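Undergrad: Just one file: final33.cif, with mmCIF, C-alpha atoms.
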data_work
loop_
_atom_site.label_atom_id
_atom_site.label_comp_id
_atom_site.auth_asym_id
_atom_site.auth_seq_id
_atom_site.Cartn_x
_atom_site.Cartn_y
_atom_site.Cartn_z
CA MET A 1 0.00 0.00 0.00
CA THR A 2 1.20 3.49 -0.82
CA LYS A 3 2.03 6.07 1.83
CA ILE A 4 -1.10 7.98 0.88
CA GLY A 5 -3.13 4.79 1.21
CA LEU A 6 -1.79 4.13 4.70
CA LEU A 7 -2.53 7.70 5.74
CA LEU A 8 -6.08 7.36 4.42
CA VAL A 9 -6.64 4.18 6.38
CA GLU A 10 -5.37 5.93 9.50
CA VAL A 11 -7.68 8.88 8.87
CA ARG A 12 -10.67 6.64 8.27
CA MET A 13 -9.99 4.60 11.39
CA ARG A 14 -9.55 7.74 13.46
CA ASP A 15 -12.82 9.16 12.17
CA GLU A 16 -14.58 5.78 12.51
CA LEU A 17 -15.32 5.84 8.79
CA PHE A 18 -18.33 8.09 8.21
CA THR A 19 -18.93 10.79 10.79
CA SER A 20 -22.32 12.28 11.47
CA SER A 21 -21.09 15.85 10.98
CA THR A 22 -23.15 18.06 8.73
CA LEU A 23 -21.89 19.79 5.61
CA ARG A 24 -23.92 22.65 4.21
CA CYS A 25 -23.55 24.55 0.98
CA ASP A 26 -25.49 27.74 0.34
CA MET A 27 -27.01 27.16 -3.08
CA SER A 28 -29.24 30.23 -3.06
CA GLU A 29 -28.99 30.60 -6.83
CA THR A 30 -30.47 27.18 -7.43
CA GLY A 31 -32.30 26.49 -4.23
CA TRP A 32 -30.29 23.33 -3.51
CA THR A 33 -29.25 22.40 0.01
CA MET A 34 -26.76 19.70 0.75
CA MET A 35 -26.61 17.79 4.05
CA ASN A 36 -24.43 14.92 5.11
CA ARG A 37 -26.06 11.70 6.26
CA LEU A 38 -25.09 8.24 7.40
CA ASN A 39 -25.23 5.86 4.46
CA GLY A 40 -24.55 2.45 5.96
CA SER A 41 -23.22 -0.05 3.42
CA ASP A 42 -25.10 1.35 0.43
CA VAL A 43 -23.06 2.15 -2.66
CA SER A 44 -23.94 4.97 -5.03
CA TYR A 45 -23.23 3.53 -8.47
CA LEU A 46 -22.00 6.29 -10.79
CA ASP A 47 -19.98 4.31 -13.32
CA TYR A 48 -22.44 3.70 -16.15
CA ASN A 49 -19.79 4.40 -18.79
CA ALA A 50 -17.99 1.30 -17.56
CA THR A 51 -21.14 -0.79 -17.41
CA ALA A 52 -24.77 -0.09 -16.65
CA PRO A 53 -26.85 -2.18 -14.25
CA ILE A 54 -28.79 -4.70 -16.26
CA ARG A 55 -32.35 -3.57 -16.94
CA PRO A 56 -35.09 -5.74 -15.41
CA GLU A 57 -36.48 -6.44 -18.89
CA ALA A 58 -33.08 -7.66 -20.07
CA ALA A 59 -32.47 -9.79 -16.97
CA ALA A 60 -35.83 -11.49 -17.38
CA ALA A 61 -35.17 -12.13 -21.06
CA VAL A 62 -31.73 -13.61 -20.36
CA ILE A 63 -33.08 -15.93 -17.66
CA GLU A 64 -35.90 -17.12 -19.89
CA ALA A 65 -33.48 -17.73 -22.76
CA MET A 66 -31.10 -19.68 -20.54
CA GLN A 67 -33.93 -21.94 -19.49
CA SER A 68 -34.61 -22.86 -23.11
CA VAL A 69 -32.61 -25.29 -25.18
CA GLY A 70 -31.80 -24.87 -28.84
CA ASN A 71 -28.98 -23.85 -31.14
CA ALA A 72 -30.16 -21.16 -33.54
CA SER A 73 -28.31 -22.92 -36.38
CA SER A 74 -30.28 -26.14 -35.90
CA VAL A 75 -33.32 -26.89 -38.05
CA HIS A 76 -35.38 -28.71 -35.43
CA GLN A 77 -38.12 -26.96 -33.44
CA PRO A 78 -35.97 -25.87 -30.43
CA GLY A 79 -33.39 -24.51 -32.87
CA ARG A 80 -36.01 -22.63 -34.86
CA GLN A 81 -37.43 -21.18 -31.64
CA ALA A 82 -33.97 -19.92 -30.64
CA ALA A 83 -33.50 -18.44 -34.12
CA HIS A 84 -36.87 -16.72 -33.87
CA ARG A 85 -35.97 -15.11 -30.54
CA ILE A 86 -32.67 -13.92 -32.00
CA ASP A 87 -34.50 -12.49 -35.02
CA LEU A 88 -36.76 -10.60 -32.61
CA ALA A 89 -33.71 -9.19 -30.79
CA ARG A 90 -32.21 -8.14 -34.11
CA GLN A 91 -35.43 -6.31 -34.93
CA GLN A 92 -35.51 -4.66 -31.48
CA LEU A 93 -31.98 -3.33 -31.95
CA ALA A 94 -32.80 -2.23 -35.50
CA ASP A 95 -35.82 -0.32 -34.16
CA LEU A 96 -33.57 1.50 -31.67
CA LEU A 97 -31.12 2.44 -34.44
CA ASN A 98 -33.70 2.91 -37.22
CA CYS A 99 -31.98 0.55 -39.62
CA SER A 100 -32.71 -2.79 -41.25
CA PRO A 101 -32.27 -5.97 -39.14
CA GLY A 102 -30.17 -7.38 -41.99
CA GLU A 103 -27.58 -4.66 -41.42
CA ILE A 104 -26.73 -5.92 -37.92
CA ILE A 105 -23.96 -8.39 -37.11
CA PHE A 106 -23.91 -9.66 -33.53
CA THR A 107 -20.51 -9.75 -31.82
CA SER A 108 -19.09 -10.24 -28.33
CA GLY A 109 -19.10 -6.46 -27.81
CA ALA A 110 -17.85 -3.17 -29.20
CA THR A 111 -14.19 -4.18 -28.99
CA GLU A 112 -14.76 -7.03 -31.44
CA ALA A 113 -17.02 -4.83 -33.56
CA ASN A 114 -14.34 -2.11 -33.75
CA ASN A 115 -11.72 -4.66 -34.73
CA LEU A 116 -13.95 -6.19 -37.38
CA ALA A 117 -14.83 -2.78 -38.81
CA LEU A 118 -11.31 -1.37 -39.07
CA ARG A 119 -9.62 -4.57 -40.18
CA SER A 120 -12.19 -4.85 -42.96
CA ALA A 121 -12.38 -1.19 -44.00
CA TYR A 122 -8.70 -0.27 -44.02
CA ILE A 123 -6.86 -0.76 -47.29
CA PRO A 124 -3.06 -0.28 -47.21
CA GLY A 125 -2.06 2.89 -49.01
CA ASN A 126 -5.26 4.69 -48.07
CA PRO A 127 -5.63 6.90 -44.99
CA LEU A 128 -7.08 5.62 -41.74
CA VAL A 129 -8.17 8.78 -39.93
CA THR A 130 -9.00 8.77 -36.24
CA SER A 131 -8.17 10.77 -33.10
CA PRO A 132 -5.91 10.38 -30.06
CA ILE A 133 -8.92 10.31 -27.70
CA GLU A 134 -10.54 7.18 -29.13
CA HIS A 135 -11.11 4.07 -27.05
CA PRO A 136 -8.12 1.68 -27.08
CA ALA A 137 -10.22 -0.79 -29.07
CA VAL A 138 -10.05 1.68 -31.96
CA LEU A 139 -6.61 3.19 -31.37
CA GLU A 140 -4.78 -0.10 -30.90
CA THR A 141 -6.54 -1.70 -33.85
CA ALA A 142 -5.70 1.30 -36.03
CA ARG A 143 -2.04 1.14 -35.00
CA MET A 144 -1.91 -2.59 -35.63
CA VAL A 145 -3.41 -2.57 -39.13
CA THR A 146 -1.20 0.36 -40.21
CA ALA A 147 1.96 -0.98 -38.58
CA GLU A 148 3.67 -1.55 -41.93
CA ARG A 149 2.49 1.77 -43.35
CA ALA A 150 2.64 4.23 -40.46
CA GLU A 151 2.02 7.14 -42.83
CA ASP A 152 -1.52 5.84 -43.42
CA LEU A 153 -2.53 6.49 -39.81
CA VAL A 154 -3.72 10.07 -39.29
CA LEU A 155 -4.58 11.36 -35.81
CA LEU A 156 -6.65 14.52 -35.81
CA PRO A 157 -5.82 17.17 -33.19
CA VAL A 158 -8.04 17.66 -30.15
CA GLY A 159 -8.87 20.93 -28.39
CA SER A 160 -8.82 21.65 -24.68
CA ASP A 161 -12.61 21.33 -24.77
CA GLY A 162 -12.33 17.69 -25.83
CA LEU A 163 -13.65 18.31 -29.35
CA VAL A 164 -11.85 16.75 -32.30
CA ASP A 165 -10.75 19.39 -34.80
CA LEU A 166 -12.94 18.52 -37.76
CA ASN A 167 -11.42 21.30 -39.85
CA ALA A 168 -8.27 19.20 -39.84
CA LEU A 169 -10.27 16.38 -41.42
CA GLU A 170 -10.92 18.57 -44.44
CA LEU A 171 -7.20 19.37 -44.63
CA VAL A 172 -6.40 15.65 -44.68
CA PHE A 173 -8.73 15.10 -47.60
CA ALA A 174 -7.36 18.13 -49.44
CA THR A 175 -4.37 15.98 -50.37
CA ARG A 176 -5.66 12.42 -49.93
CA SER A 177 -8.84 10.55 -50.74
CA GLY A 178 -10.50 7.27 -49.96
CA GLY A 179 -9.74 5.26 -46.85
CA VAL A 180 -11.77 5.22 -43.66
CA VAL A 181 -12.56 7.71 -40.91
CA SER A 182 -13.21 6.32 -37.43
CA LEU A 183 -14.37 8.78 -34.75
CA MET A 184 -16.37 7.95 -31.64
CA GLY A 185 -19.82 9.41 -31.22
CA ALA A 186 -19.19 10.32 -27.58
CA ASN A 187 -16.00 10.15 -25.58
CA ASN A 188 -16.09 7.54 -22.85
CA GLU A 189 -14.18 9.71 -20.35
CA THR A 190 -15.54 13.23 -20.87
CA GLY A 191 -18.84 12.48 -22.61
CA VAL A 192 -18.03 15.12 -25.26
CA LEU A 193 -19.95 14.50 -28.49
CA THR A 194 -18.59 14.45 -32.02
CA ASP A 195 -20.67 15.96 -34.82
CA LEU A 196 -20.83 12.85 -36.97
CA ARG A 197 -22.83 14.62 -39.68
CA VAL A 198 -19.88 16.93 -40.35
CA VAL A 199 -17.56 13.91 -40.33
CA ALA A 200 -19.74 12.01 -42.77
CA LYS A 201 -20.03 14.95 -45.16
CA ALA A 202 -16.25 15.44 -45.34
CA ALA A 203 -15.65 11.71 -45.75
CA ARG A 204 -18.27 11.32 -48.47
CA GLU A 205 -16.75 14.13 -50.53
CA ALA A 206 -13.39 12.32 -50.33
CA GLY A 207 -14.81 8.89 -51.07
CA ALA A 208 -13.95 7.54 -47.60
CA LEU A 209 -15.92 5.13 -45.44
CA VAL A 210 -17.14 6.28 -42.03
CA HIS A 211 -17.01 4.18 -38.86
CA THR A 212 -18.11 5.33 -35.43
CA ASP A 213 -17.65 3.70 -32.07
CA ALA A 214 -21.10 4.57 -30.74
CA THR A 215 -20.76 2.53 -27.57
CA GLN A 216 -21.54 5.43 -25.25
CA ILE A 217 -24.37 6.92 -27.33
CA VAL A 218 -26.60 3.97 -28.22
CA GLY A 219 -29.47 3.73 -25.77
CA ARG A 220 -28.69 7.15 -24.26
CA LEU A 221 -29.28 9.57 -27.12
CA PRO A 222 -31.28 9.10 -30.33
CA VAL A 223 -29.36 7.37 -33.11
CA ASP A 224 -31.15 7.47 -36.46
CA LEU A 225 -29.12 5.56 -39.03
CA ALA A 226 -31.58 6.53 -41.75
CA GLU A 227 -30.29 10.10 -41.33
CA LEU A 228 -26.81 9.59 -39.90
CA ASP A 229 -24.66 8.88 -42.94
CA VAL A 230 -22.22 6.35 -41.48
CA ASP A 231 -21.21 3.03 -42.97
CA LEU A 232 -20.20 1.20 -39.81
CA LEU A 233 -21.26 1.55 -36.18
CA SER A 234 -20.11 -0.40 -33.11
CA LEU A 235 -21.98 -0.91 -29.84
CA SER A 236 -22.05 -2.93 -26.62
CA ALA A 237 -25.19 -4.06 -24.82
CA HIS A 238 -23.91 -3.53 -21.31
CA LYS A 239 -23.62 0.25 -21.77
CA PHE A 240 -27.40 0.66 -22.00
CA GLY A 241 -28.61 -2.00 -19.60
CA GLY A 242 -28.06 -5.24 -21.49
CA PRO A 243 -25.81 -8.14 -20.46
CA GLN A 244 -22.04 -8.02 -20.72
CA GLY A 245 -20.27 -9.96 -23.46
CA VAL A 246 -22.53 -9.12 -26.38
CA GLY A 247 -22.65 -6.27 -28.89
CA ALA A 248 -23.09 -5.58 -32.56
CA LEU A 249 -21.62 -4.03 -35.67
CA TYR A 250 -23.94 -2.17 -38.02
CA VAL A 251 -22.88 -2.42 -41.67
CA ARG A 252 -24.91 -0.26 -43.99
CA ARG A 253 -26.35 -2.21 -46.88
CA GLY A 254 -24.32 -1.67 -50.03
CA THR A 255 -21.14 -0.61 -48.22
CA PRO A 256 -18.15 -1.75 -50.31
CA LEU A 257 -16.54 -3.67 -47.47
CA PRO A 258 -14.07 -6.50 -48.16
CA HIS A 259 -15.12 -9.73 -46.46
CA ARG A 260 -12.49 -10.13 -43.71
CA PRO A 261 -14.08 -11.93 -40.74
CA LEU A 262 -12.05 -12.22 -37.56
CA LEU A 263 -13.50 -15.68 -36.89
CA VAL A 264 -14.16 -18.29 -39.55
CA GLY A 265 -15.97 -21.55 -39.21
CA GLY A 266 -19.67 -22.30 -39.45
CA GLY A 267 -20.59 -19.16 -41.35
CA GLN A 268 -22.99 -17.63 -38.82
CA GLU A 269 -23.95 -13.96 -39.18
CA ARG A 270 -23.78 -14.20 -42.96
CA GLY A 271 -20.17 -15.34 -42.71
CA TRP A 272 -19.02 -12.27 -40.80
CA ARG A 273 -18.83 -13.86 -37.38
CA ALA A 274 -18.56 -17.64 -37.11
CA GLY A 275 -19.52 -19.49 -33.95
CA THR A 276 -22.67 -20.55 -32.16
CA LEU A 277 -24.71 -17.45 -31.42
CA ASN A 278 -24.86 -16.25 -27.82
CA ALA A 279 -28.62 -16.63 -27.72
CA ALA A 280 -29.17 -15.51 -24.12
CA GLY A 281 -26.90 -12.50 -24.51
CA ILE A 282 -28.42 -11.44 -27.82
CA ILE A 283 -31.96 -11.81 -26.50
CA GLY A 284 -30.99 -9.73 -23.46
CA LEU A 285 -29.50 -7.09 -25.77
CA GLY A 286 -32.76 -6.94 -27.68
CA ALA A 287 -34.82 -6.51 -24.53
CA ALA A 288 -32.51 -3.74 -23.29
CA ALA A 289 -32.69 -2.00 -26.68
CA ASP A 290 -36.48 -2.12 -26.61
CA ALA A 291 -36.63 -0.72 -23.06
CA ALA A 292 -34.12 2.02 -23.88
CA ARG A 293 -36.03 3.02 -27.02
CA ARG A 294 -39.31 3.37 -25.14
CA ASN A 295 -37.79 5.50 -22.36
CA LEU A 296 -35.03 7.35 -24.22
CA GLY A 297 -36.31 10.93 -24.07
CA GLU A 298 -37.48 10.81 -20.48
CA GLU A 299 -34.30 9.15 -19.25
CA ALA A 300 -31.99 11.59 -21.02
CA LYS A 301 -33.78 14.61 -19.58
CA ARG A 302 -33.80 13.25 -16.02
CA ILE A 303 -30.17 12.12 -16.13
CA THR A 304 -29.04 15.50 -17.44
CA THR A 305 -30.74 17.19 -14.52
CA LEU A 306 -29.04 14.84 -12.04
CA ARG A 307 -25.62 15.33 -13.67
CA ASP A 308 -25.99 19.11 -13.54
CA ARG A 309 -27.03 18.91 -9.90
CA LEU A 310 -23.98 16.82 -9.01
CA GLU A 311 -21.69 19.29 -10.76
CA GLY A 312 -23.36 22.25 -9.07
CA LEU A 313 -23.06 20.77 -5.61
CA LEU A 314 -19.43 19.71 -6.04
CA THR A 315 -18.26 23.00 -7.55
CA CYS A 316 -19.98 24.84 -4.71
CA ALA A 317 -18.50 22.69 -1.95
CA LEU A 318 -15.08 22.39 -3.63
CA PRO A 319 -14.63 25.64 -5.60
CA ASP A 320 -11.22 24.69 -6.99
CA CYS A 321 -12.47 21.59 -8.80
CA ARG A 322 -12.73 21.82 -12.60
CA ILE A 323 -15.05 20.19 -15.10
CA ASN A 324 -13.33 18.89 -18.22
CA GLY A 325 -14.69 19.09 -21.73
CA ARG A 326 -17.28 21.03 -23.67
CA ARG A 327 -20.18 21.35 -21.24
CA ASP A 328 -22.90 22.08 -23.81
CA GLN A 329 -22.01 19.17 -26.07
CA ARG A 330 -21.93 16.11 -23.81
CA LEU A 331 -23.73 12.92 -23.02
CA PRO A 332 -26.55 13.44 -20.51
CA GLY A 333 -25.00 11.72 -17.50
CA VAL A 334 -21.24 12.15 -17.79
CA THR A 335 -18.90 14.52 -16.00
CA SER A 336 -15.11 14.48 -15.75
CA ILE A 337 -13.92 16.47 -12.73
CA THR A 338 -10.37 17.38 -11.72
CA PHE A 339 -9.62 17.89 -8.04
CA PRO A 340 -6.27 19.72 -8.23
CA GLY A 341 -3.47 18.22 -6.17
CA VAL A 342 -5.57 15.30 -4.93
CA PRO A 343 -4.71 11.88 -6.42
CA ALA A 344 -7.86 10.29 -7.83
CA ASP A 345 -6.92 6.80 -6.67
CA ALA A 346 -6.64 8.05 -3.09
CA VAL A 347 -10.02 9.79 -3.29
CA LEU A 348 -11.66 6.64 -4.67
CA ALA A 349 -10.05 4.56 -1.92
CA ALA A 350 -11.44 6.96 0.67
CA MET A 351 -15.03 6.60 -0.55
CA PRO A 352 -15.76 2.88 -0.98
CA ASP A 353 -19.46 3.72 -0.87
CA VAL A 354 -19.26 5.45 -4.28
CA ALA A 355 -18.54 3.63 -7.54
CA ALA A 356 -16.79 6.00 -9.94
CA SER A 357 -13.71 5.78 -12.14
CA GLU A 358 -10.35 7.42 -12.77
CA GLY A 359 -11.10 7.15 -16.48
CA SER A 360 -11.86 4.30 -18.84
CA ALA A 361 -12.52 1.03 -17.04
CA CYS A 362 -10.63 -0.69 -19.85
CA ALA A 363 -7.48 1.17 -18.82
CA SER A 364 -7.77 0.61 -15.08
CA GLY A 365 -4.47 -0.29 -13.47
CA ALA A 366 -2.53 1.38 -16.29
CA PRO A 367 0.70 3.06 -15.08
CA THR A 368 0.08 6.17 -17.19
CA PRO A 369 -2.67 8.77 -16.80
CA SER A 370 -5.61 9.09 -19.16
CA HIS A 371 -4.53 9.48 -22.78
CA VAL A 372 -7.75 11.41 -23.37
CA LEU A 373 -7.02 14.07 -20.76
CA LEU A 374 -3.39 14.36 -21.84
CA ALA A 375 -4.49 14.89 -25.45
CA MET A 376 -6.75 17.69 -24.20
CA GLY A 377 -3.75 19.42 -22.68
CA LEU A 378 -4.11 18.52 -19.02
CA SER A 379 -0.89 18.07 -17.07
CA ARG A 380 -0.03 14.60 -15.85
CA GLU A 381 -0.72 15.71 -12.27
CA ASP A 382 -4.18 17.04 -13.17
CA ALA A 383 -4.98 13.94 -15.22
CA ASP A 384 -4.04 11.83 -12.20
CA SER A 385 -6.39 13.97 -10.07
CA THR A 386 -9.46 13.47 -12.26
CA ILE A 387 -12.51 11.30 -11.59
CA ARG A 388 -15.23 10.39 -14.05
CA PHE A 389 -18.78 10.16 -12.77
CA SER A 390 -21.30 8.63 -15.16
CA LEU A 391 -25.00 8.45 -14.34
CA GLY A 392 -27.67 6.39 -16.04
CA TYR A 393 -31.24 5.21 -16.26
CA ALA A 394 -31.46 3.93 -12.66
CA THR A 395 -29.54 6.74 -10.90
CA THR A 396 -31.54 8.36 -8.11
CA ASP A 397 -31.55 11.76 -6.40
CA ALA A 398 -30.39 10.06 -3.21
CA GLU A 399 -27.38 8.53 -4.95
CA VAL A 400 -26.31 11.91 -6.31
CA GLU A 401 -26.57 13.60 -2.92
CA HIS A 402 -24.83 10.72 -1.19
CA ALA A 403 -22.03 10.73 -3.78
CA MET A 404 -21.51 14.47 -3.41
CA GLU A 405 -21.18 14.15 0.36
CA ALA A 406 -18.78 11.23 0.03
CA VAL A 407 -16.61 13.05 -2.54
CA VAL A 408 -16.34 16.19 -0.41
CA ARG A 409 -15.45 14.10 2.63
CA ALA A 410 -12.91 12.02 0.72
CA VAL A 411 -11.18 14.99 -0.94
CA THR A 412 -10.98 16.73 2.44
CA GLN A 413 -9.48 13.64 4.07
CA VAL A 414 -6.91 13.14 1.35
CA ARG A 415 -5.85 16.78 1.47
CA ALA A 416 -5.47 16.56 5.23
CA ALA A 417 -3.39 13.39 4.88
CA LEU A 418 -1.17 15.00 2.25
CA ALA A 419 -0.67 18.11 4.39
CA GLU A 420 0.24 15.92 7.37
CA ALA A 421 2.67 13.88 5.28
CA ASP A 422 4.35 17.05 3.97
CA GLY A 423 4.44 18.77 7.37
CA PRO A 424 7.38 19.16 9.78
CA ARG A 425 9.35 16.00 10.47
#
Starting from the file, lay out its structure as C-alpha cells.

TA:
Amino acid sequence: MTKIGLLLVEVRMRDELFTSSTLRCDMSETGWTMMNRLNGSDVSYLDYNATAPIRPEAAAAVIEAMQSVGNASSVHQPGRQAAHRIDLARQQLADLLNCSPGEIIFTSGATEANNLALRSAYIPGNPLVTSPIEHPAVLETARMVTAERAEDLVLLPVGSDGLVDLNALELVFATRSGGVVSLMGANNETGVLTDLRVVAKAAREAGALVHTDATQIVGRLPVDLAELDVDLLSLSAHKFGGPQGVGALYVRRGTPLPHRPLLVGGGQERGWRAGTLNAAGIIGLGAAADAARRNLGEEAKRITTLRDRLEGLLTCALPDCRINGRRDQRLPGVTSITFPGVPADAVLAAMPDVAASEGSACASGAPTPSHVLLAMGLSREDADSTIRFSLGYATTDAEVEHAMEAVVRAVTQVRAALAEADGPR
C-alpha cells in the first residue's frame, strides 16, 4: 500500500469511517441544500460508462433464454425457436437504431465490432483517420493494421474542450482521398460528443468510409441511421442495460466492405462472425434495446438534470475543482472532474461507498494517466487527479446527494493526509 493509502486508512480509522457531521452549501442561486447523512453499506453507483446495471427487462429475457434449449443454427423446433428469438432481438436493436435488421452483425461487444470494422475497412495505401482520444479498441486496432504503413494512420488534433478538430479532417482530404474515418460518437471519459454529420459529409466528398464507435451513445441519445450517414457503427449491450459480453456491428447495406471476418468456421452472421450465437446475450441485448427506445427521451432529460445537480453541488462545496470538456455538447449523465493536487486513486479509496472511475474502465491499473485528458492538454498531475462520474437510467436523487457528500469528505481527508505527510518531520 502506498504512503497515501496508509494515511487514508489511518484517517478513516480515526474518524470511525463516516462521521455524522453536517456539511452545508449555500445554493441560493439554485435552491439546492446539501446535508451529510449516514449511508450504511449502500453504494452509489455512478460508473455507467464502464457498465450499466442490467435492466429488469433484459435480466428477465436472459433468464428465460437460458432456461430454453436450442442452437439457432439447428433446423429442429428448439433450434427454430432460438432463431426466432434472435430475429426478434435483431429487430428490437434495429428499431432503436432505425436501420434494417439485416444490417446488424452480432458480436461479443464493441471491442470485437471495432476490430472487425477497421480490419475490414482499411486498405493499405489509403488513410485511416481517427483521433488520439478514441477508445483503445479503436486506437490499438488502427495502429496494428497500419503498422507496416505508419504514414496511413492520421490522428486529428483535439482541443482543450475535448472536441476533435474537424477542420483538420478537411485538410487531410485536401491531399488524400478514400480510406476510412473512425471517430467515436461520444468520448467515454468526458462524454463530449462528435458531430458525426460533419464527419460524414467530409468523408463522403473524399470517397472515404465512415465508422463510429457509438458505444456510449446507443441507448442514451437518439441514433437514427436513416439520417446519420455512417457506414459502420459499433456498440455494446452492457452500456445501456443489457448483459455483458454481447454487442453488434452495423454495416450499412451496399457498403463496399471486403469480407475479412475475424473468426471463420460455421458461417454464422452471414459469414461475418462464425460461432454458435450467444442466444441468451443477444436476447438480453434486444430486450434492453427495446426498453431504452421506449424510455429514451425521459431518461436523457432526467439524467441531465441529475448530472448538472452533481456538478453544481461539487463546484460549490469544492470551488477549486474543474469540469473537463465542452459542457454544452456532452452525453446526458457524464462529468469528468479534476480535483487539483488530490490523487484520484486516493479519493476513490477513501469513498468505498461510491462507484466511480479514474477514467476508462478498460485502462484501469494502467501506469500512465488518461490518454484522453493528456491529449486535451491537461498536465499529468491534473490527469491523475481526475474522476469520471457517469449516471444512467437507474440513478436516483439520493445517490447523487450521497455521492456528493462522500466526494467532499474524501477529498478533504486526502488533502489533510497530504498536508500531514508534507508537514514538519

Undergrad: Point out the residue among A:Val372, A:Ala417, A:Ala147, A:Val354 with the least atom-to-atom distance to A:Asp47, counting all atoms listed in the file.

TA: A:Val354

Undergrad: Show which residues sit within 12 Å of A:Glu151, as number ranges by chain. Count all atoms listed in the file, and ignore same-chain residues fewer than 6 positions away.

TA: A: 124-129, 142-143, 145, 176

Undergrad: Could you state which residues are captured by the PyMOL selection byres ((chain A and resi 98-113) around 6) in this file, as a list in words?

TA: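 When the PyMOL selection byres ((chain A and resi 98-113) around 6) is applied to the shown file, the picked residues are Arg90, Gln91, Ala94, Asp95, Leu96, Leu97, Asn114, Asn115, Leu116, Ala137, Asp224, Leu225, Ser234, Leu235, Ser236, Gly245, Val246, Gly247, Ala248, Leu249, Tyr250, Val251, Arg252 and Glu269 of chain A.
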
Undergrad: Could the residues in this selection be saved with C-alpha atoms as a PDB file, in the coordinates of the input?

TA:
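Saved the output as part_25.pdb:
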ATOM      1  CA  ARG A  90     -32.210  -8.140 -34.110  1.00  0.00           C
ATOM      2  CA  GLN A  91     -35.430  -6.310 -34.930  1.00  0.00           C
ATOM      3  CA  ALA A  94     -32.800  -2.230 -35.500  1.00  0.00           C
ATOM      4  CA  ASP A  95     -35.820  -0.320 -34.160  1.00  0.00           C
ATOM      5  CA  LEU A  96     -33.570   1.500 -31.670  1.00  0.00           C
ATOM      6  CA  LEU A  97     -31.120   2.440 -34.440  1.00  0.00           C
ATOM      7  CA  ASN A 114     -14.340  -2.110 -33.750  1.00  0.00           C
ATOM      8  CA  ASN A 115     -11.720  -4.660 -34.730  1.00  0.00           C
ATOM      9  CA  LEU A 116     -13.950  -6.190 -37.380  1.00  0.00           C
ATOM     10  CA  ALA A 137     -10.220  -0.790 -29.070  1.00  0.00           C
ATOM     11  CA  ASP A 224     -31.150   7.470 -36.460  1.00  0.00           C
ATOM     12  CA  LEU A 225     -29.120   5.560 -39.030  1.00  0.00           C
ATOM     13  CA  SER A 234     -20.110  -0.400 -33.110  1.00  0.00           C
ATOM     14  CA  LEU A 235     -21.980  -0.910 -29.840  1.00  0.00           C
ATOM     15  CA  SER A 236     -22.050  -2.930 -26.620  1.00  0.00           C
ATOM     16  CA  GLY A 245     -20.270  -9.960 -23.460  1.00  0.00           C
ATOM     17  CA  VAL A 246     -22.530  -9.120 -26.380  1.00  0.00           C
ATOM     18  CA  GLY A 247     -22.650  -6.270 -28.890  1.00  0.00           C
ATOM     19  CA  ALA A 248     -23.090  -5.580 -32.560  1.00  0.00           C
ATOM     20  CA  LEU A 249     -21.620  -4.030 -35.670  1.00  0.00           C
ATOM     21  CA  TYR A 250     -23.940  -2.170 -38.020  1.00  0.00           C
ATOM     22  CA  VAL A 251     -22.880  -2.420 -41.670  1.00  0.00           C
ATOM     23  CA  ARG A 252     -24.910  -0.260 -43.990  1.00  0.00           C
ATOM     24  CA  GLU A 269     -23.950 -13.960 -39.180  1.00  0.00           C
TER      25      GLU A 269
END

Undergrad: Could you write out as a PDB file with C-alpha atoms, keeping the file's coordinate frame the residues that the PyMOL selection byres ((chain A and resi 214) around 10) matches in the shown file?

TA:
ATOM      1  CA  ALA A 110     -17.850  -3.170 -29.200  1.00  0.00           C
ATOM      2  CA  ASN A 114     -14.340  -2.110 -33.750  1.00  0.00           C
ATOM      3  CA  LEU A 183     -14.370   8.780 -34.750  1.00  0.00           C
ATOM      4  CA  MET A 184     -16.370   7.950 -31.640  1.00  0.00           C
ATOM      5  CA  GLY A 185     -19.820   9.410 -31.220  1.00  0.00           C
ATOM      6  CA  ALA A 186     -19.190  10.320 -27.580  1.00  0.00           C
ATOM      7  CA  ASN A 187     -16.000  10.150 -25.580  1.00  0.00           C
ATOM      8  CA  ASN A 188     -16.090   7.540 -22.850  1.00  0.00           C
ATOM      9  CA  HIS A 211     -17.010   4.180 -38.860  1.00  0.00           C
ATOM     10  CA  THR A 212     -18.110   5.330 -35.430  1.00  0.00           C
ATOM     11  CA  ASP A 213     -17.650   3.700 -32.070  1.00  0.00           C
ATOM     12  CA  THR A 215     -20.760   2.530 -27.570  1.00  0.00           C
ATOM     13  CA  GLN A 216     -21.540   5.430 -25.250  1.00  0.00           C
ATOM     14  CA  ILE A 217     -24.370   6.920 -27.330  1.00  0.00           C
ATOM     15  CA  VAL A 218     -26.600   3.970 -28.220  1.00  0.00           C
ATOM     16  CA  GLY A 219     -29.470   3.730 -25.770  1.00  0.00           C
ATOM     17  CA  VAL A 223     -29.360   7.370 -33.110  1.00  0.00           C
ATOM     18  CA  LEU A 232     -20.200   1.200 -39.810  1.00  0.00           C
ATOM     19  CA  LEU A 233     -21.260   1.550 -36.180  1.00  0.00           C
ATOM     20  CA  SER A 234     -20.110  -0.400 -33.110  1.00  0.00           C
ATOM     21  CA  LEU A 235     -21.980  -0.910 -29.840  1.00  0.00           C
ATOM     22  CA  SER A 236     -22.050  -2.930 -26.620  1.00  0.00           C
ATOM     23  CA  LEU A 249     -21.620  -4.030 -35.670  1.00  0.00           C
TER      24      LEU A 249
END

Undergrad: Once the PyMOL selection byres ((chain A and resi 307) around 12) has been evaluated on this model, what residues remain selected, and can you format them as number ranges by chain?

TA: A: 46, 191, 300-306, 308-314, 323, 327, 330-337, 388-393, 395-397, 399-401, 403-404

Undergrad: Wanna dump the stretch 258-340 of chain A-stretch 49-57 of chain A contacts at 10 Å for me, each residue with its shortest atom pair and the distance in Å to one decimal, counting all atoms listed in the file, ordered by chain and number, as CSV?

TA:
residue,atom,partner,partner_atom,distance
A:Gly284,CA,A:Glu57,CA,7.9
A:Leu285,CA,A:Glu57,CA,9.8
A:Gly286,CA,A:Glu57,CA,9.6
A:Ala287,CA,A:Glu57,CA,5.9
A:Ala288,CA,A:Arg55,CA,6.4
A:Ala289,CA,A:Glu57,CA,9.7
A:Asp290,CA,A:Glu57,CA,8.8
A:Ala291,CA,A:Glu57,CA,7.1
A:Ala292,CA,A:Arg55,CA,9.1
A:Gly333,CA,A:Asn49,CA,9.1
A:Val334,CA,A:Asn49,CA,7.9

Undergrad: Pick the closest to A:Ser120 from A:Thr141, A:Asn295, A:Gln329, A:Ser379: which is it, counting only C-alpha atoms?

TA: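 When distances to A:Ser120 are compared using only C-alpha atoms, the smallest one comes from A:Thr141.
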